[in-house]
Amino acid sequence: MSNLKLISILKKYGKVKAIDNLNLEVQDGELVTLLGPSGCGKTTTLRTISGFLAPDSGDIYINDRRITDIPPERRGIGLVFQNYALWPHMTVFQNLAFGLQMRKLPKDEIKRRVKQRLETVRLEEYENRYPRELSGGQQQRVALARALVLEPDILLLDEPLSNLDALLREKMRFEIARIHKESGVTTVYVTHDQTEAMVISDRIIILNKGRIMQQGKPEDIYENPANKFVASFMGNTSFINGTVVGFNGKYTLVKTGDGLTIYGIGRKVKKGENVVIAVRPENVQFVLPPDIRGGMKSNNLFSMEIERETYIGEVVDYQLRIKSWSIRAKSAVSNKMTKGETVKIYLDPDKMPILSE
Amino acid sequence: MFADARKRRGFIFPPYVFLLFPAVLFMLLIYAYPFISSVIRSFINKNGALSFDNYIKSWDLYLKDILFTFSITIFNTLASGTIAVLLSVYFRLHDSVISRFLINLYRLPIFIPFVVVAQMMNGFLAPHGLLNIALAQLKLIDLNNPLQLFNFIGLSFGFIWKLAPFTILIIYGGFQMIDNSYIEAARSSGARRLNLIIRILIPMNKPSIMVALVLIYSQIVGTFTLPYMLIGGKIPTTITVDIAHRVNYFMDFGVANALGVFSYILVFVTAIYYLKTKAREVK
């Protein structure tokens, strides 16, 4: 039963703040993902938690035990690295047993625990193999087992799937989620892959320039991004700039410079404020002539020209243009439209977040 | 095309194999010919007949020197290796002003030739040289009875001073190749410094360490200048000094070649290890 608390962590490299006053609490058994682009401070945060980097200020607690000045080997933290970092001169068994030997556990106990963990990651038949004799996915599972065998208070995973090919990566996401559920260990996971974060996380924390941009459940962040950065980072989002001109019930009315009027859901925006509307491809509905409906829906109806169409397997990806705005949309392959065609689209105002610029 | 030709006539060498000829020819002329020639001559006695005379004479006269050479080689290889591993580990795990200064400093002796090292050691280790005077100033010795260092100790001092930096160069290079994540994985598993060094760093860098040891071992066996200038004709001395002695004073190439074969035997095992390691790397 462990929880992790970071209080006002500051870490600077010269004048650059890699972590800027970060406050974070991870509850017992929770899997929290730090998500962000390169240089956002996610790995620095992880290395600070693990003890390989000392923060310039702030404190770190595990279960109310202050660990800020405790060396890494005494923090009770398990680490899984991007490159697996399995010691090549040791077999799978020896890799797992190493940490237990450091704790001077009896041989029988070491054997029992290693076998149990290898069963968790479904590699019980590979204990005598060397890392070079395993596939990337198997090596990653050994790395995970090596961290878990020590029964750490906190498990830290630093982009553990980024070295794997796309197919294996997808498979391993579910595998990590399963192993986390089985072990119940409090986990901090670092990645720049939003799909990976969505699949495995209980909670996602979006970082940029060392600061938390937004945190919450994956679906909350995806559907209600707090700002343009989050909207652009989570999913494939097009943006339309405009100015708030009024309000109509729960909807906010935005007018673009070239005369388009769009309804959406405003978040703490004021009349006259410059804003962006975040349009996700799945929220762009193609409207066929017999479907054209009246009422509210006629407000967000636009005629757009197909600028580009790309077949990507299960769907067709489009780039649509109206006046100076370009947005992305998707349709089923069976409804494929062609470049140059003019189509009617409907932007559901309930799914059009309007964000401060 | 080559595949067809092979099927018809068995394996044939591709034409680009000729590109190897200059290098192979160089090896044959500079290394293989003198080596084979000296082995053959070591079995030819003064009358031009095949015999073991040269070996019997070498054994009778120079057994002490052969053992001295062997022991000084083993000792200095291990001592240089140990110093190199310790300093390399220090450089790898510490980033401080001192470590950065030492990293820049340690390479200097590599560029100083053995003959200059020998001359320096002559001045430094002499009965009234810098070391004895410094020790006398510290009242650790009486200058009327100075340390006699033109022997195993002085020779080792010279070898280690000259060869440890070369060993560090190879071993530290190997340690630098080990990604930080391996070290961090060990530390987060609970390994303290000693376990980290003994169980992770040294085994992971074993190939570099072994290659460095093989290279300095062979170098020590074959060094002439340092023992010649520090010990000269005193007994015991090294095989290389004896070879020079047999040639310069007696024109006795037979015994000199036999002594040379003893040197070959000393380096033979390590040379095989080195070649095997290199072959594995190529694979």
# chains A, B, ... in the order shown; residues from 1 in each chain; ligands from 1
call {"tool": "interface_residues", "arguments": {"of": "chain B", "to": "chain A", "cutoff": "9 Å", "atoms": "only C-alpha atoms", "output": "PyMOL selection string"}}
result
chain B and resi 179-192+195+200+203-204
call {"tool": "write_last_selection", "arguments": {"atoms": "C-alpha atoms", "output": "PDB file, in the first residue's frame"}}
result
ATOM      1  CA  ASP B 179      24.699   2.974 -20.917  1.00  0.00           C
ATOM      2  CA  ASN B 180      23.743   4.738 -17.686  1.00  0.00           C
ATOM      3  CA  SER B 181      20.504   2.773 -17.572  1.00  0.00           C
ATOM      4  CA  TYR B 182      22.416  -0.458 -16.706  1.00  0.00           C
ATOM      5  CA  ILE B 183      24.022   1.305 -13.757  1.00  0.00           C
ATOM      6  CA  GLU B 184      20.763   2.900 -12.689  1.00  0.00           C
ATOM      7  CA  ALA B 185      18.934  -0.422 -12.985  1.00  0.00           C
ATOM      8  CA  ALA B 186      21.493  -1.960 -10.628  1.00  0.00           C
ATOM      9  CA  ARG B 187      21.296   0.907  -8.161  1.00  0.00           C
ATOM     10  CA  SER B 188      17.519   0.895  -8.113  1.00  0.00           C
ATOM     11  CA  SER B 189      17.751  -2.868  -7.471  1.00  0.00           C
ATOM     12  CA  GLY B 190      19.665  -2.018  -4.318  1.00  0.00           C
ATOM     13  CA  ALA B 191      23.283  -2.411  -5.454  1.00  0.00           C
ATOM     14  CA  ARG B 192      25.825  -0.306  -3.602  1.00  0.00           C
ATOM     15  CA  ASN B 195      28.459  -4.706  -5.981  1.00  0.00           C
ATOM     16  CA  ILE B 200      27.764  -5.217 -13.208  1.00  0.00           C
ATOM     17  CA  PRO B 203      31.575  -8.271 -16.152  1.00  0.00           C
ATOM     18  CA  MET B 204      29.913  -6.038 -18.742  1.00  0.00           C
TER      19      MET B 204
END
call {"tool": "select_by_dssp", "arguments": {"residues": "region 21-241 of chain B", "states": "alpha helix (DSSP H)", "output": "PyMOL selection string"}}
result
chain B and resi 21-27+33-42+53-93+97-105+114-125+130-137+152-177+180-188+193-195+202-204+206-222+225-230+239-241
call {"tool": "closest_residue", "arguments": {"among": "B:Tyr62, B:Tyr106, B:Tyr274, B:Leu86", "to": "Leu215 (chain B)", "atoms": "only C-alpha atoms"}}
result
B:Tyr274
call {"tool": "atom_distance", "arguments": {"atom1": "CA of Phe152 (chain B)", "atom2": "CA of Thr82 (chain B)"}}
result
18.3 Å
call {"tool": "residues_around", "arguments": {"residues": "region 135-145 of chain B", "least_positions_apart": "6", "cutoff": "12 Å", "atoms": "only C-alpha atoms", "output": "ChimeraX atom specification"}}
result
/B:124-129
call {"tool": "write_last_selection", "arguments": {"atoms": "all heavy atoms", "output": "PDB file, in the first residue's frame"}}
result
ATOM      1  N   PHE B 124      64.838   9.577 -11.942  1.00  0.00           N
ATOM      2  CA  PHE B 124      63.887   9.574 -10.832  1.00  0.00           C
ATOM      3  C   PHE B 124      64.217   8.512  -9.778  1.00  0.00           C
ATOM      4  O   PHE B 124      64.116   8.760  -8.581  1.00  0.00           O
ATOM      5  CB  PHE B 124      62.481   9.349 -11.409  1.00  0.00           C
ATOM      6  CG  PHE B 124      61.385   9.395 -10.392  1.00  0.00           C
ATOM      7  CD1 PHE B 124      61.051  10.585  -9.761  1.00  0.00           C
ATOM      8  CD2 PHE B 124      60.667   8.252 -10.061  1.00  0.00           C
ATOM      9  CE1 PHE B 124      60.036  10.633  -8.818  1.00  0.00           C
ATOM     10  CE2 PHE B 124      59.665   8.290  -9.127  1.00  0.00           C
ATOM     11  CZ  PHE B 124      59.345   9.489  -8.497  1.00  0.00           C
ATOM     12  N   LEU B 125      64.628   7.317 -10.279  1.00  0.00           N
ATOM     13  CA  LEU B 125      64.798   6.187  -9.356  1.00  0.00           C
ATOM     14  C   LEU B 125      66.256   5.954  -8.913  1.00  0.00           C
ATOM     15  O   LEU B 125      66.518   5.056  -8.114  1.00  0.00           O
ATOM     16  CB  LEU B 125      64.270   4.898 -10.006  1.00  0.00           C
ATOM     17  CG  LEU B 125      62.813   4.906 -10.464  1.00  0.00           C
ATOM     18  CD1 LEU B 125      62.500   3.670 -11.287  1.00  0.00           C
ATOM     19  CD2 LEU B 125      61.885   4.968  -9.257  1.00  0.00           C
ATOM     20  N   ALA B 126      67.176   6.751  -9.433  1.00  0.00           N
ATOM     21  CA  ALA B 126      68.605   6.534  -9.123  1.00  0.00           C
ATOM     22  C   ALA B 126      68.855   6.653  -7.612  1.00  0.00           C
ATOM     23  O   ALA B 126      68.047   7.269  -6.897  1.00  0.00           O
ATOM     24  CB  ALA B 126      69.429   7.574  -9.874  1.00  0.00           C
ATOM     25  N   PRO B 127      69.974   6.060  -7.123  1.00  0.00           N
ATOM     26  CA  PRO B 127      70.263   6.117  -5.679  1.00  0.00           C
ATOM     27  C   PRO B 127      70.225   7.551  -5.125  1.00  0.00           C
ATOM     28  O   PRO B 127      69.795   7.763  -4.004  1.00  0.00           O
ATOM     29  CB  PRO B 127      71.664   5.508  -5.575  1.00  0.00           C
ATOM     30  CG  PRO B 127      71.748   4.588  -6.752  1.00  0.00           C
ATOM     31  CD  PRO B 127      70.951   5.215  -7.845  1.00  0.00           C
ATOM     32  N   HIS B 128      70.661   8.510  -5.946  1.00  0.00           N
ATOM     33  CA  HIS B 128      70.533   9.901  -5.507  1.00  0.00           C
ATOM     34  C   HIS B 128      69.600  10.661  -6.432  1.00  0.00           C
ATOM     35  O   HIS B 128      69.810  11.836  -6.724  1.00  0.00           O
ATOM     36  CB  HIS B 128      71.913  10.560  -5.413  1.00  0.00           C
ATOM     37  CG  HIS B 128      72.700  10.016  -4.285  1.00  0.00           C
ATOM     38  ND1 HIS B 128      73.504   8.906  -4.410  1.00  0.00           N
ATOM     39  CD2 HIS B 128      72.762  10.381  -2.968  1.00  0.00           C
ATOM     40  CE1 HIS B 128      74.050   8.620  -3.246  1.00  0.00           C
ATOM     41  NE2 HIS B 128      73.608   9.495  -2.337  1.00  0.00           N
ATOM     42  N   GLY B 129      68.603   9.966  -6.896  1.00  0.00           N
ATOM     43  CA  GLY B 129      67.616  10.564  -7.796  1.00  0.00           C
ATOM     44  C   GLY B 129      66.511  11.266  -7.014  1.00  0.00           C
ATOM     45  O   GLY B 129      66.524  11.322  -5.780  1.00  0.00           O
TER      46      GLY B 129
END
call {"tool": "atom_distance", "arguments": {"atom1": "CA of Tyr189 (chain A)", "atom2": "CA of Ser201 (chain A)"}}
result
8.2 Å
call {"tool": "residues_around", "arguments": {"residues": "region 268-272 of chain A", "least_positions_apart": "3", "cutoff": "9 Å", "atoms": "only C-alpha atoms", "output": "short mmCIF file (atom, residue, chain, number, x, y, z; two decimals) with N, CA, C and O atoms, in the first residue's frame"}}
result
data_model
loop_
_atom_site.label_atom_id
_atom_site.label_comp_id
_atom_site.auth_asym_id
_atom_site.auth_seq_id
_atom_site.Cartn_x
_atom_site.Cartn_y
_atom_site.Cartn_z
N THR A 243 -13.39 35.07 -32.71
CA THR A 243 -13.65 35.92 -31.55
C THR A 243 -15.04 35.60 -31.02
O THR A 243 -15.97 35.37 -31.80
N VAL A 244 -15.15 35.55 -29.71
CA VAL A 244 -16.46 35.28 -29.09
C VAL A 244 -17.36 36.49 -29.35
O VAL A 244 -17.00 37.62 -28.99
N VAL A 245 -18.53 36.21 -29.98
CA VAL A 245 -19.44 37.34 -30.27
C VAL A 245 -20.71 37.27 -29.43
O VAL A 245 -21.48 38.23 -29.39
N GLY A 246 -20.98 36.16 -28.80
CA GLY A 246 -22.17 36.10 -27.97
C GLY A 246 -22.39 34.72 -27.41
O GLY A 246 -21.59 33.80 -27.62
N PHE A 247 -23.50 34.57 -26.67
CA PHE A 247 -23.83 33.30 -26.04
C PHE A 247 -25.29 32.96 -26.33
O PHE A 247 -26.14 33.86 -26.40
N THR A 252 -21.62 28.87 -27.02
CA THR A 252 -20.88 30.11 -27.24
C THR A 252 -20.78 30.34 -28.74
O THR A 252 -20.53 29.37 -29.49
N VAL A 275 -10.30 33.34 -29.46
CA VAL A 275 -10.34 31.93 -29.03
C VAL A 275 -9.99 31.01 -30.18
O VAL A 275 -9.86 31.45 -31.33
N ILE A 354 -14.41 25.38 -27.18
CA ILE A 354 -13.85 26.70 -27.51
C ILE A 354 -12.87 27.07 -26.40
O ILE A 354 -13.24 27.11 -25.22
N LEU A 355 -11.62 27.27 -26.80
CA LEU A 355 -10.55 27.44 -25.81
C LEU A 355 -9.89 28.80 -25.93
O LEU A 355 -9.80 29.34 -27.05
N SER A 356 -9.44 29.30 -24.82
CA SER A 356 -8.69 30.57 -24.86
C SER A 356 -7.43 30.37 -25.70
O SER A 356 -6.79 29.32 -25.64
#
call {"tool": "closest_residue", "arguments": {"among": "B:Ser96, B:Asn122, B:Thr69, B:Ser156", "to": "Thr238 (chain B)", "atoms": "only C-alpha atoms"}}
result
B:Thr69
call {"tool": "select_by_dssp", "arguments": {"residues": "region 140-211 of chain A", "states": "strand (DSSP E)", "output": "list in words"}}
result
Ile154, Leu155, Leu156, Leu157, Asp158, Thr186, Thr187, Val188, Tyr189, Val190, Thr191, Arg203, Ile204, Ile205, Ile206, Leu207, Asn208 and Arg211 of chain A
call {"tool": "atom_distance", "arguments": {"atom1": "CA of Ala23 (chain B)", "atom2": "CA of Glu281 (chain B)"}}
result
20.4 Å
call {"tool": "closest_residue", "arguments": {"among": "B:Ser58, B:Ser99, B:Asn45, B:Thr223", "to": "Val115 (chain B)", "atoms": "only C-alpha atoms"}}
result
B:Thr223
call {"tool": "closest_residue", "arguments": {"among": "A:Glu159, A:Asp69, A:Glu151, A:Glu109", "to": "Glu196 (chain A)", "atoms": "only C-alpha atoms"}}
result
A:Glu159
